[in-house]
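Asker: mmCIF, C-alpha atoms, saved as coords_18.cif, coming up:
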data_data
#
loop_
_atom_site.label_atom_id
_atom_site.label_comp_id
_atom_site.auth_asym_id
_atom_site.auth_seq_id
_atom_site.Cartn_x
_atom_site.Cartn_y
_atom_site.Cartn_z
CA MET A 169 3.36 4.39 10.02
CA MET A 170 1.68 5.31 13.29
CA ALA A 171 3.82 6.91 16.01
CA PRO A 172 4.79 4.24 18.56
CA LEU A 173 4.06 6.59 21.47
CA LYS A 174 0.35 7.38 21.72
CA PHE A 175 -0.43 10.21 24.15
CA SER A 176 -3.95 10.60 25.51
CA GLY A 177 -3.06 13.44 27.87
CA ARG A 178 -0.29 15.75 29.02
CA PRO A 179 -0.15 15.69 32.84
CA GLU A 180 1.62 18.45 34.74
CA LEU A 181 4.62 16.99 36.51
CA ARG A 182 7.63 18.77 37.99
CA HIS A 183 10.63 16.45 38.27
CA PRO A 184 9.10 13.00 38.72
CA ALA A 185 10.48 9.58 39.55
CA LEU A 186 9.61 6.69 37.25
CA ILE A 187 8.67 3.19 38.49
CA ILE A 188 8.79 0.33 35.96
CA GLY A 189 7.14 -3.06 36.44
CA TRP A 190 6.53 -5.91 33.98
CA ASP A 191 3.32 -7.91 33.93
CA THR A 192 5.18 -11.25 34.11
CA ASP A 193 7.19 -11.56 37.31
CA ALA A 194 7.92 -14.00 40.14
CA GLY A 195 5.27 -13.73 42.83
CA GLU A 196 3.55 -11.01 40.77
CA LEU A 197 6.08 -8.61 42.29
CA GLY A 198 6.28 -6.10 39.44
CA PRO A 199 2.57 -5.92 38.61
CA GLY A 200 1.65 -6.10 42.29
CA VAL A 201 3.75 -3.01 43.06
CA THR A 202 2.70 -0.95 40.05
CA THR A 203 -0.99 -1.81 40.43
CA TYR A 204 -0.90 -0.88 44.12
CA LEU A 205 0.75 2.43 43.30
CA ARG A 206 -1.64 3.48 40.56
CA ASP A 207 -4.71 2.34 42.52
CA LYS A 208 -3.75 3.99 45.81
CA LEU A 209 -2.39 7.15 44.17
CA LYS A 210 -5.21 7.34 41.59
CA GLY A 211 -2.83 7.22 38.64
CA GLN A 212 -4.26 8.29 35.29
CA ALA A 213 -3.14 6.74 31.99
CA PHE A 214 -1.64 9.35 29.69
CA CYS A 215 0.52 7.45 27.18
CA GLU A 216 0.96 3.95 25.77
CA ILE A 217 3.42 2.19 23.47
CA ASP A 218 1.84 0.82 20.32
CA PRO A 219 2.45 -2.96 20.30
CA VAL A 220 2.77 -3.45 16.52
CA GLU A 221 6.59 -3.33 16.32
CA PHE A 222 7.27 -5.30 19.49
CA PHE A 223 4.83 -8.22 19.74
CA PRO A 224 3.65 -11.00 17.42
CA LEU A 225 0.17 -10.15 16.19
CA ASN A 226 -0.50 -13.39 14.31
CA GLY A 227 -2.00 -15.14 17.33
CA VAL A 228 -3.78 -14.58 20.61
CA VAL A 229 -3.30 -15.66 24.23
CA ILE A 230 -6.39 -16.53 26.29
CA GLU A 231 -6.20 -17.11 30.05
CA ASN A 232 -9.32 -18.08 32.00
CA ASN A 233 -11.47 -17.03 29.03
CA ILE A 234 -9.89 -13.56 28.97
CA VAL A 235 -8.01 -12.38 25.91
CA MET A 236 -4.58 -11.13 27.00
CA PHE A 237 -3.44 -8.08 25.04
CA PRO A 238 0.13 -6.70 25.29
CA ASP A 239 -0.31 -3.42 27.13
CA SER A 240 2.47 -0.94 27.89
CA ILE A 241 0.97 2.06 29.64
CA PHE A 242 2.28 5.12 31.51
CA TYR A 243 0.26 6.45 34.46
CA ALA A 244 0.73 9.87 36.04
CA CYS A 245 0.30 10.58 39.75
CA PRO A 246 0.70 14.39 39.79
CA ALA A 247 0.18 14.88 43.54
CA GLN A 248 3.17 12.62 44.24
CA ASP A 249 5.15 13.76 41.16
CA LEU A 250 5.38 10.16 39.98
CA ILE A 251 5.10 8.17 36.74
CA VAL A 252 4.24 4.46 36.88
CA PHE A 253 4.89 2.28 33.83
CA GLU A 254 3.17 -1.10 33.52
CA GLY A 255 4.45 -3.08 30.57
CA THR A 256 4.32 -6.41 28.81
CA ILE A 257 7.84 -7.70 28.15
CA PRO A 258 8.45 -7.06 24.42
CA ARG A 259 9.22 -10.00 22.18
CA TYR A 260 11.23 -7.97 19.66
CA GLU A 261 13.32 -4.79 19.49
CA TRP A 262 14.17 -4.47 23.18
CA PHE A 263 16.38 -1.43 22.75
CA ARG A 264 13.89 0.45 20.60
CA PHE A 265 11.15 -0.32 23.12
CA LEU A 266 13.27 0.83 26.08
CA ASN A 267 14.32 3.98 24.24
CA LEU A 268 10.64 4.88 23.91
CA ILE A 269 10.35 4.64 27.69
CA MET A 270 13.38 6.94 27.96
CA ASP A 271 11.78 9.36 25.49
CA VAL A 272 8.84 9.77 27.86
CA ALA A 273 11.25 10.10 30.81
CA ARG A 274 13.13 12.85 28.96
CA GLN A 275 9.95 14.73 28.05
CA TYR A 276 8.92 14.83 31.70
CA ASN A 277 12.40 15.49 33.13
CA VAL A 278 12.43 12.29 35.20
CA ARG A 279 15.01 12.54 38.01
CA GLU A 280 15.51 8.81 38.73
CA LEU A 281 13.93 5.48 37.85
CA TYR A 282 13.39 2.16 39.58
CA THR A 283 12.59 -1.21 38.10
CA VAL A 284 10.99 -3.96 40.16
CA GLY A 285 11.75 -7.66 39.83
CA GLY A 286 11.33 -10.92 41.73
CA MET A 287 13.99 -13.61 42.14
CA VAL A 288 13.38 -17.26 42.92
CA SER A 289 14.37 -18.20 46.48
CA LEU A 290 14.70 -21.60 48.14
CA GLY A 291 13.64 -20.13 51.48
CA ALA A 292 10.35 -20.45 53.35
CA HIS A 293 7.51 -17.94 53.17
CA THR A 294 7.75 -17.39 56.93
CA ALA A 295 11.25 -15.86 56.64
CA PRO A 296 11.66 -12.07 56.30
CA ARG A 297 12.01 -10.99 52.68
CA ASP A 298 15.50 -9.90 51.73
CA PHE A 299 15.76 -6.78 49.60
CA TRP A 300 18.62 -5.53 47.46
CA ALA A 301 19.42 -3.57 44.35
CA THR A 302 21.79 -3.07 41.46
CA PHE A 303 22.59 0.49 40.43
CA SER A 304 23.33 2.41 37.26
CA SER A 305 26.12 4.47 38.83
CA PRO A 306 28.20 4.90 42.00
CA ARG A 307 26.40 8.17 42.63
CA ILE A 308 22.91 6.70 43.02
CA LYS A 309 24.37 3.81 44.99
CA ARG A 310 25.79 6.33 47.47
CA SER A 311 22.52 8.23 47.62
CA LEU A 312 20.69 5.03 48.64
CA VAL A 313 23.28 3.75 51.13
CA SER A 314 21.03 4.39 54.15
CA TYR A 315 18.50 1.86 52.80
CA GLU A 316 21.10 -0.96 52.92
CA LEU A 317 20.22 -2.19 49.43
CA SER A 318 23.75 -3.05 48.35
CA ARG A 319 25.13 -6.60 48.62
CA GLU A 320 28.45 -5.75 46.91
CA LEU A 321 27.50 -8.20 44.17
CA ASP A 322 30.09 -9.16 41.54
CA PHE A 323 28.59 -10.94 38.54
CA GLU A 324 29.18 -11.37 34.83
CA THR A 325 26.64 -12.79 32.40
CA PRO A 326 27.85 -16.28 31.38
CA PRO A 327 28.97 -16.78 27.76
CA GLY A 328 25.92 -17.29 25.58
CA GLY A 329 23.63 -15.88 28.27
CA ARG A 330 21.47 -12.82 28.07
CA PRO A 331 21.08 -10.10 30.71
CA THR A 332 17.67 -9.51 32.21
CA LEU A 333 15.42 -6.88 30.67
CA ASN A 334 15.78 -4.78 33.83
CA SER A 335 19.56 -4.75 33.35
CA PHE A 336 18.97 -3.45 29.84
CA VAL A 337 16.71 -0.77 31.33
CA LEU A 338 19.58 0.57 33.45
CA TRP A 339 22.00 0.42 30.51
CA THR A 340 19.57 2.36 28.33
CA ALA A 341 18.88 4.87 31.10
CA ARG A 342 22.60 5.49 31.46
CA GLN A 343 22.82 6.34 27.75
CA HIS A 344 20.20 9.00 28.44
CA SER A 345 22.06 10.36 31.50
CA LEU A 346 19.31 9.07 33.76
CA GLU A 347 20.18 7.31 37.00
CA GLY A 348 18.29 4.40 38.44
CA ALA A 349 18.28 1.12 40.33
CA ASN A 350 16.88 -2.35 39.83
CA LEU A 351 15.03 -3.44 42.98
CA TRP A 352 15.03 -7.19 43.68
CA VAL A 353 13.24 -9.30 46.28
CA PRO A 354 13.70 -13.10 46.54
CA VAL A 355 10.33 -14.88 46.30
CA PRO A 356 9.86 -18.38 47.80
CA PHE A 357 9.81 -20.84 44.90
CA TYR A 358 6.36 -22.16 45.78
CA LEU A 359 4.88 -18.64 45.57
CA VAL A 360 6.43 -17.77 42.19
CA ALA A 361 3.29 -18.68 40.23
CA ALA A 362 0.98 -17.18 42.85
CA SER A 363 1.48 -13.86 44.61
CA ASP A 364 3.90 -12.76 47.32
CA PRO A 365 2.40 -9.77 49.15
CA ARG A 366 5.27 -9.74 51.66
CA ALA A 367 7.73 -9.14 48.82
CA GLN A 368 5.48 -6.47 47.35
CA LYS A 369 5.34 -4.69 50.71
CA ARG A 370 9.15 -4.61 50.97
CA VAL A 371 9.40 -2.71 47.69
CA LEU A 372 6.49 -0.40 48.46
CA GLU A 373 7.92 0.51 51.87
CA PHE A 374 11.18 1.54 50.22
CA LEU A 375 9.44 3.60 47.52
CA ASP A 376 7.20 5.20 50.15
CA HIS A 377 10.19 6.35 52.20
CA ARG A 378 12.40 7.31 49.27
CA LEU A 379 9.77 9.25 47.32
CA GLY A 380 7.56 10.51 50.16
CA LEU A 381 4.41 8.90 48.76
CA GLU A 382 2.51 8.58 52.07
CA LEU A 383 1.11 5.21 51.05
CA ASP A 384 -1.60 3.40 52.98
CA LEU A 385 -0.40 -0.22 53.07
CA GLY A 386 -3.38 -1.52 55.05
CA THR A 387 -4.84 -3.43 52.10
CA LEU A 388 -1.53 -5.21 51.59
CA ASP A 389 -1.24 -6.02 55.30
CA ARG A 390 -4.63 -7.72 55.14
CA GLU A 391 -3.55 -9.71 52.09
CA ILE A 392 -0.40 -10.84 53.93
CA ARG A 393 -2.49 -12.03 56.90
CA ARG A 394 -4.95 -13.79 54.61
CA GLN A 395 -2.21 -15.66 52.75
CA SER A 396 -0.42 -16.58 55.98
CA GLU A 397 -3.66 -18.03 57.35
CA GLN A 398 -4.24 -19.99 54.13
CA LEU A 399 -0.76 -21.51 54.23
CA ALA A 400 -1.11 -22.29 57.93
CA ARG A 401 -4.34 -24.20 57.17
CA LEU A 402 -2.61 -26.05 54.34
CA ARG A 403 0.16 -27.12 56.71
CA GLY A 404 -2.42 -28.32 59.18
CA GLU A 405 -4.30 -30.34 56.57
CA MET A 406 -1.27 -31.89 54.86
CA PRO A 407 1.47 -33.12 57.24
CA ASP A 408 3.91 -33.80 54.39
CA ILE A 409 3.63 -30.17 53.26
CA ASP A 410 4.20 -29.04 56.83
CA ARG A 411 7.33 -31.23 57.03
CA ALA A 412 8.63 -29.77 53.77
CA ILE A 413 8.18 -26.19 54.96
CA ASN A 414 9.72 -27.08 58.31
CA LYS A 415 12.80 -28.28 56.44
CA LEU A 416 12.99 -25.00 54.54
CA GLU A 417 12.65 -23.07 57.80
CA SER A 418 15.63 -25.08 59.10
CA ASN A 419 17.65 -24.25 55.96
CA LEU A 420 17.52 -27.86 54.76
CA ARG A 421 17.21 -28.85 51.13
CA LEU A 422 14.17 -30.63 49.77
CA SER A 423 14.25 -33.64 47.51
CA GLU A 424 13.01 -33.18 43.98
CA THR A 425 9.79 -34.98 44.88
CA GLU A 426 9.23 -32.79 47.96
CA HIS A 427 9.95 -29.68 45.91
CA GLU A 428 7.44 -30.56 43.20
CA LYS A 429 4.77 -31.65 45.68
CA LEU A 430 5.06 -28.42 47.66
CA VAL A 431 4.79 -26.26 44.54
CA LYS A 432 1.74 -28.13 43.28
CA ALA A 433 -0.03 -28.14 46.65
CA VAL A 434 0.46 -24.42 47.26
CA GLU A 435 -0.57 -23.44 43.73
CA GLU A 436 -3.78 -25.47 44.05
CA TYR A 437 -4.55 -24.18 47.56
CA LEU A 438 -4.01 -20.52 46.72
CA LYS A 439 -5.80 -20.66 43.39
CA PRO A 440 -8.83 -18.31 43.40
CA LYS A 441 -11.95 -20.31 44.06
#
Is it possible to express this structure as structure tokens?
Answerer:
Amino acid sequence: MMAPLKFSGRPELRHPALIIGWDTDAGELGPGVTTYLRDKLKGQAFCEIDPVEFFPLNGVVIENNIVMFPDSIFYACPAQDLIVFEGTIPRYEWFRFLNLIMDVARQYNVRELYTVGGMVSLGAHTAPRDFWATFSSPRIKRSLVSYELSRELDFETPPGGRPTLNSFVLWTARQHSLEGANLWVPVPFYLVAASDPRAQKRVLEFLDHRLGLELDLGTLDREIRRQSEQLARLRGEMPDIDRAINKLESNLRLSETEHEKLVKAVEEYLKPK
């Protein structure tokens, strides 16, 4: 049997942080953050997880004529002492898959890890993005207190429910004596299937300050302006959409019909031409 970890290089890193994002996420938050990091920091792939044990290989997914392969790749950014992991959510053997991530973290003496995830929000896109976290230990929670990430959340998975994969990441990290935090940003429900660059910027600003990455966020600022202009035009062209967003801005609930119409209109308007 082939080794599940396939190394193509051995980058020199000192005591790096590890950022984890999944390719399926609300508002493309996870992939938006990890792609921005590896592009801006010139990350180089050095290891991948073989998909055979974790994904069904008896079929294929095609989106827009492109075959979608399950990729789970580690990128090294030596100048910033950073590892970025971009992964497809495994279908099987979650704990084995996550332990492989921890094996790489152990080999490179990772000091702390962060996962990135979007949450569905009923708010409007014009509102500031909230930002919070859950932590693997009181110690890392204290170390991040100045970033005001804590909401003093009390929650228990309902009977029959299943925790999120990012919660399993923190549990697995704790078994390996590695501390970390899950970073969450609420994404307006009508941007869930599109992209939310404002949410992506919130996470990247935190990582920039925490890890001293010296990121240039200019490209993301331009994307935020472009999307804001698109949605402003949509509101001008469709009065009922403008009324729906006005209600959200006033913290009013939408009817089911208004909700569905807003989602459909925004998805169609923001779809790449």
Asker: Counting all atoms listed in the file, which of A:Asp193, A:Asp207, A:Asp218, A:Glu426 gets nearest to Cys245 of chain A?
Answerer: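 Going through A:Asp193, A:Asp207, A:Asp218, A:Glu426 one by one, the smallest distance to Cys245 of chain A is for A:Asp207.
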Asker: Can you pull out every residue within 8 Å of segment 431-433 of chain A, counting only C-alpha atoms, but drop anything in the same chain fewer than 2 positions away, and send it as a list in words?
Answerer: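 Non-adjacent residues within range: Phe357, Tyr358, Leu359, Ile409, His427, Glu428, Lys429, Glu435, Glu436 and Tyr437 of chain A.
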Asker: Hey, what comes out of the PyMOL selection byres ((chain A and resi 291) around 8) on this file? Could you write it as a list in words?
Answerer: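 Selected by the PyMOL selection byres ((chain A and resi 291) around 8) in this file: Ser289, Leu290, Ala292, His293, Ala295, Pro356, Phe357, Leu416, Glu417 and Asn419 of chain A.
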Asker: Would you work out the distance separating atom CA of Pro224 of chain A from atom CA of Ala194 of chain A, expressed in Å to one decimal?
Answerer: 23.3 Å
Asker: Closest to Glu196 of chain A among A:Gly286, A:Gly404, A:Val353, A:Glu391, using only C-alpha atoms?
Answerer: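 Smallest separation from Glu196 of chain A among the options: A:Gly286.
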